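This report concerns only the one structure given below.
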Amino acid sequence: MKTMTQVLEETIRAFVEDYLDRISCKGVVGFARFKDVHDSLMPIQKERLERIASEKFDELLDSGSIISFGIAYHDAAIDAINKNSGNETDYELWNFYSKEYDRLNSLLNQTSQAIADRFGGIPVTATLHALSDKINHVTDYYGLTISHRVVAEMAGLGWRGKNGLLINEKFSCAIRFASVITTLPLASPGKTGSLCGTCHACEDACTFIKNREALPDYRENCRRYLIHLQSKGVENEVCGKCIQACYRDSIFNEQFTLE
Ligand code: SF4
Ligand code: SF4
């Protein structure tokens with residue numbers, strides 16, 4: 001006989017899968033313990049989570065959960081990244097990936113609100129819009145949200161890759177995540193260890209990743225590169241080369257599937 005928790009989890013999974021079907025998306029859903037996520041966040045994001053949880057914080061820390069879900073890109077978006085047209089980089093095509101990034105964020109925010117409306121809870125939005133003019137260093141981002149990658153990692157939806165992204169066994173890192181905080185006590189499978197092994201496709205694709213140990217914070221080098229791409233016509237602060245490398249060139253390239 002199923003426990004109440006199992007019934008609840010099946011109901012939430014079915015709701016999210018059905019919702020993603022209705023918006024013609026593929027994705028994943030899982031559950032993390034609130035405390036595991038809290039304990040794994042950097043201090044400034046712990047504070048942020050505490051503020052979001054507000055008066056529910058003690059209850060959440062004791063028995064609460066975070067629903068993690070992701071929506072995968074289509075492979076056409078990943079294949080639009082860093083392609084040449086003649087001898088020139090095709091930034092207009094690259095911008096198709098950027099537009100898909102925007103579209104997925106909207107869908108994630110819409111889905112997290114639908115989950116919160118159905119089951120109660122606090123939706124945590126997928127990304128922050130229109131803030132780049134207020135950001136002078138990548139560390140300025142850290143306190144503005146909580147890491148959905150940490151939530152997905154604690155929900156067992158993938159492993160943390162050498163590129164810093166969450167690598168899902170089906171969708172690679174070509175997937176974006178959002179979260180819903182809930183007082184429901186859901187069971188978590190816990191964190192998965194890295195399966196990257198000897199693979200180095202993302203390091204080959206990006207000098208910042210390859211030299212991440214030597215750089216003060218390679219994510220700041222990444223941020224500056226994204227600003228450079230914006231000046232070329234890639235509208236959002238995105239690049240995606242390390243995602244494409246993982247999906248197309250990693251040791252798992254025959255296992256990963258997008259539509
Ligand atoms: S997004 Fe681009 S610049 Fe940033 S780490 Fe990935 S490949 Fe490197
Ligand atoms: S490209 Fe290879 S090393 Fe990099 S994150 Fe993907 S599986 Fe790991």
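Ordering of the structure tokens sets the chain letters (A, B, ...), residue numbers begin anew at 1 in every chain, and ligands are numbered from 1 in the order given.
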Need to verify the contact set: A:Gln113, 9 Å, only C-alpha atoms, exclusion of same-chain residues closer than 5 positions in sequence. Can you return it as an mmCIF file with N, CA and C atoms, in the first residue's frame?
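Contents of the output file part-v4.cif:
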```cif
data_model
loop_
_atom_site.group_PDB
_atom_site.id
_atom_site.type_symbol
_atom_site.label_atom_id
_atom_site.label_comp_id
_atom_site.auth_asym_id
_atom_site.auth_seq_id
_atom_site.Cartn_x
_atom_site.Cartn_y
_atom_site.Cartn_z
ATOM 1 N N LEU A 108 8.595 28.530 -17.655
ATOM 2 C CA LEU A 108 8.946 28.062 -16.307
ATOM 3 C C LEU A 108 8.197 28.873 -15.250
ATOM 4 N N ARG A 118 -2.016 25.150 -7.523
ATOM 5 C CA ARG A 118 -2.679 23.849 -7.338
ATOM 6 C C ARG A 118 -2.350 23.223 -5.974
ATOM 7 N N ILE A 122 5.351 28.563 -2.606
ATOM 8 C CA ILE A 122 5.916 29.831 -3.073
ATOM 9 C C ILE A 122 6.720 29.563 -4.346
ATOM 10 N N PRO A 123 6.280 30.113 -5.493
ATOM 11 C CA PRO A 123 7.066 29.923 -6.710
ATOM 12 C C PRO A 123 8.326 30.786 -6.689
ATOM 13 N N VAL A 124 9.421 30.211 -7.115
ATOM 14 C CA VAL A 124 10.669 30.991 -7.221
ATOM 15 C C VAL A 124 10.949 31.135 -8.709
ATOM 16 N N THR A 125 10.991 32.361 -9.196
ATOM 17 C CA THR A 125 11.048 32.581 -10.647
ATOM 18 C C THR A 125 12.350 32.065 -11.249
ATOM 19 N N VAL A 180 9.482 25.458 -6.671
ATOM 20 C CA VAL A 180 8.350 25.885 -5.837
ATOM 21 C C VAL A 180 8.597 25.385 -4.410
#
```
*For A:Arg176, please output as a PyMOL selection string all residues within 9 Å (counting only C-alpha atoms; exclusion window: fewer than 4 positions along the same chain).*
chain A and resi 27+69-73+101+104-105+108+126+148-149
For the interface of chain A with ligand 2 (cut-off 10 Å, counting only C-alpha atoms and all ligand atoms), please tabulate each contacting residue of chain A alongside its nearest pair of atoms and their separation in Å to one decimal, rows sorted by chain and increasing number, as JSON lines.
```
{"residue": "A:Trp159", "atom": "CA", "partner": "ligand 2", "partner_atom_place_in_ligand_line": "8 (Fe)", "distance": 8.7}
{"residue": "A:Arg160", "atom": "CA", "partner": "ligand 2", "partner_atom_place_in_ligand_line": "5 (S)", "distance": 7.3}
{"residue": "A:Gly161", "atom": "CA", "partner": "ligand 2", "partner_atom_place_in_ligand_line": "5 (S)", "distance": 3.7}
{"residue": "A:Lys162", "atom": "CA", "partner": "ligand 2", "partner_atom_place_in_ligand_line": "5 (S)", "distance": 4.5}
{"residue": "A:Asn163", "atom": "CA", "partner": "ligand 2", "partner_atom_place_in_ligand_line": "5 (S)", "distance": 4.9}
{"residue": "A:Gly164", "atom": "CA", "partner": "ligand 2", "partner_atom_place_in_ligand_line": "5 (S)", "distance": 7.1}
{"residue": "A:Leu165", "atom": "CA", "partner": "ligand 2", "partner_atom_place_in_ligand_line": "5 (S)", "distance": 6.8}
{"residue": "A:Leu166", "atom": "CA", "partner": "ligand 2", "partner_atom_place_in_ligand_line": "5 (S)", "distance": 8.0}
{"residue": "A:Ile167", "atom": "CA", "partner": "ligand 2", "partner_atom_place_in_ligand_line": "5 (S)", "distance": 6.5}
{"residue": "A:Asn168", "atom": "CA", "partner": "ligand 2", "partner_atom_place_in_ligand_line": "6 (Fe)", "distance": 9.6}
{"residue": "A:Glu169", "atom": "CA", "partner": "ligand 2", "partner_atom_place_in_ligand_line": "7 (S)", "distance": 9.6}
{"residue": "A:Ser172", "atom": "CA", "partner": "ligand 2", "partner_atom_place_in_ligand_line": "6 (Fe)", "distance": 7.1}
{"residue": "A:Cys173", "atom": "CA", "partner": "ligand 2", "partner_atom_place_in_ligand_line": "6 (Fe)", "distance": 7.5}
{"residue": "A:Ser194", "atom": "CA", "partner": "ligand 2", "partner_atom_place_in_ligand_line": "8 (Fe)", "distance": 7.8}
{"residue": "A:Leu195", "atom": "CA", "partner": "ligand 2", "partner_atom_place_in_ligand_line": "7 (S)", "distance": 6.9}
{"residue": "A:Cys196", "atom": "CA", "partner": "ligand 2", "partner_atom_place_in_ligand_line": "8 (Fe)", "distance": 3.9}
{"residue": "A:Gly197", "atom": "CA", "partner": "ligand 2", "partner_atom_place_in_ligand_line": "3 (S)", "distance": 7.0}
{"residue": "A:Thr198", "atom": "CA", "partner": "ligand 2", "partner_atom_place_in_ligand_line": "3 (S)", "distance": 7.1}
{"residue": "A:Cys199", "atom": "CA", "partner": "ligand 2", "partner_atom_place_in_ligand_line": "2 (Fe)", "distance": 4.3}
{"residue": "A:His200", "atom": "CA", "partner": "ligand 2", "partner_atom_place_in_ligand_line": "3 (S)", "distance": 4.4}
{"residue": "A:Ala201", "atom": "CA", "partner": "ligand 2", "partner_atom_place_in_ligand_line": "1 (S)", "distance": 4.2}
{"residue": "A:Cys202", "atom": "CA", "partner": "ligand 2", "partner_atom_place_in_ligand_line": "1 (S)", "distance": 4.1}
{"residue": "A:Glu203", "atom": "CA", "partner": "ligand 2", "partner_atom_place_in_ligand_line": "4 (Fe)", "distance": 6.5}
{"residue": "A:Asp204", "atom": "CA", "partner": "ligand 2", "partner_atom_place_in_ligand_line": "1 (S)", "distance": 8.6}
{"residue": "A:Ala205", "atom": "CA", "partner": "ligand 2", "partner_atom_place_in_ligand_line": "1 (S)", "distance": 8.7}
{"residue": "A:Ile209", "atom": "CA", "partner": "ligand 2", "partner_atom_place_in_ligand_line": "4 (Fe)", "distance": 9.1}
{"residue": "A:Lys210", "atom": "CA", "partner": "ligand 2", "partner_atom_place_in_ligand_line": "4 (Fe)", "distance": 10.0}
{"residue": "A:Cys242", "atom": "CA", "partner": "ligand 2", "partner_atom_place_in_ligand_line": "1 (S)", "distance": 7.0}
{"residue": "A:Ile243", "atom": "CA", "partner": "ligand 2", "partner_atom_place_in_ligand_line": "1 (S)", "distance": 7.6}
{"residue": "A:Gln244", "atom": "CA", "partner": "ligand 2", "partner_atom_place_in_ligand_line": "1 (S)", "distance": 8.5}
{"residue": "A:Ala245", "atom": "CA", "partner": "ligand 2", "partner_atom_place_in_ligand_line": "1 (S)", "distance": 5.7}
{"residue": "A:Cys246", "atom": "CA", "partner": "ligand 2", "partner_atom_place_in_ligand_line": "1 (S)", "distance": 3.6}
{"residue": "A:Tyr247", "atom": "CA", "partner": "ligand 2", "partner_atom_place_in_ligand_line": "6 (Fe)", "distance": 7.1}
{"residue": "A:Arg248", "atom": "CA", "partner": "ligand 2", "partner_atom_place_in_ligand_line": "1 (S)", "distance": 8.6}
{"residue": "A:Asp249", "atom": "CA", "partner": "ligand 2", "partner_atom_place_in_ligand_line": "1 (S)", "distance": 6.9}
{"residue": "A:Ser250", "atom": "CA", "partner": "ligand 2", "partner_atom_place_in_ligand_line": "2 (Fe)", "distance": 4.6}
{"residue": "A:Ile251", "atom": "CA", "partner": "ligand 2", "partner_atom_place_in_ligand_line": "2 (Fe)", "distance": 6.3}
{"residue": "A:Phe252", "atom": "CA", "partner": "ligand 2", "partner_atom_place_in_ligand_line": "7 (S)", "distance": 6.5}
{"residue": "A:Asn253", "atom": "CA", "partner": "ligand 2", "partner_atom_place_in_ligand_line": "7 (S)", "distance": 8.6}
```
_All residues having an atom within 8 Å of ligand 1 (only C-alpha atoms and all ligand atoms) as number ranges by chain_ = A: 163, 202, 205-209, 218-219, 221-223, 225-226, 238-243
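Atom CA of A:Glu88 to atom CA of A:His74 spans 24.3 Å [interatomic distance, one decimal].
Taking only C-alpha atoms into account, A:Asp75 lies nearest to A:Tyr97 out of the set A:Tyr97, A:Tyr19, A:Phe177, A:Phe34.
Atom pair atom CA of A:Leu186 / atom CA of A:Thr257: separated by 28.4 Å.
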Name all residues at most 8 Å from stretch 58-65 of chain A (count only C-alpha atoms; drop same-chain ones fewer than 3 positions away) and give them as an mmCIF file with C-alpha atoms, in the first residue's frame.
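This is the output file around-v6.cif:
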```
data_model
loop_
_atom_site.group_PDB
_atom_site.id
_atom_site.type_symbol
_atom_site.label_atom_id
_atom_site.label_comp_id
_atom_site.auth_asym_id
_atom_site.auth_seq_id
_atom_site.Cartn_x
_atom_site.Cartn_y
_atom_site.Cartn_z
ATOM 1 C CA PHE A 31 11.676 16.823 -4.963
ATOM 2 C CA ALA A 32 14.354 18.130 -2.634
ATOM 3 C CA ARG A 33 14.297 18.563 1.120
ATOM 4 C CA PHE A 34 14.172 22.266 1.983
ATOM 5 C CA LYS A 35 16.903 21.752 4.584
ATOM 6 C CA ALA A 53 10.312 31.543 3.428
ATOM 7 C CA GLU A 55 7.423 33.112 8.905
ATOM 8 C CA ILE A 181 8.843 25.942 -2.065
ATOM 9 C CA THR A 182 6.234 23.919 -0.199
ATOM 10 C CA THR A 183 5.489 22.824 3.359
ATOM 11 C CA LEU A 184 4.505 19.384 1.980
ATOM 12 C CA PRO A 185 6.902 16.720 3.290
ATOM 13 C CA LEU A 186 8.092 15.056 0.049
#
```
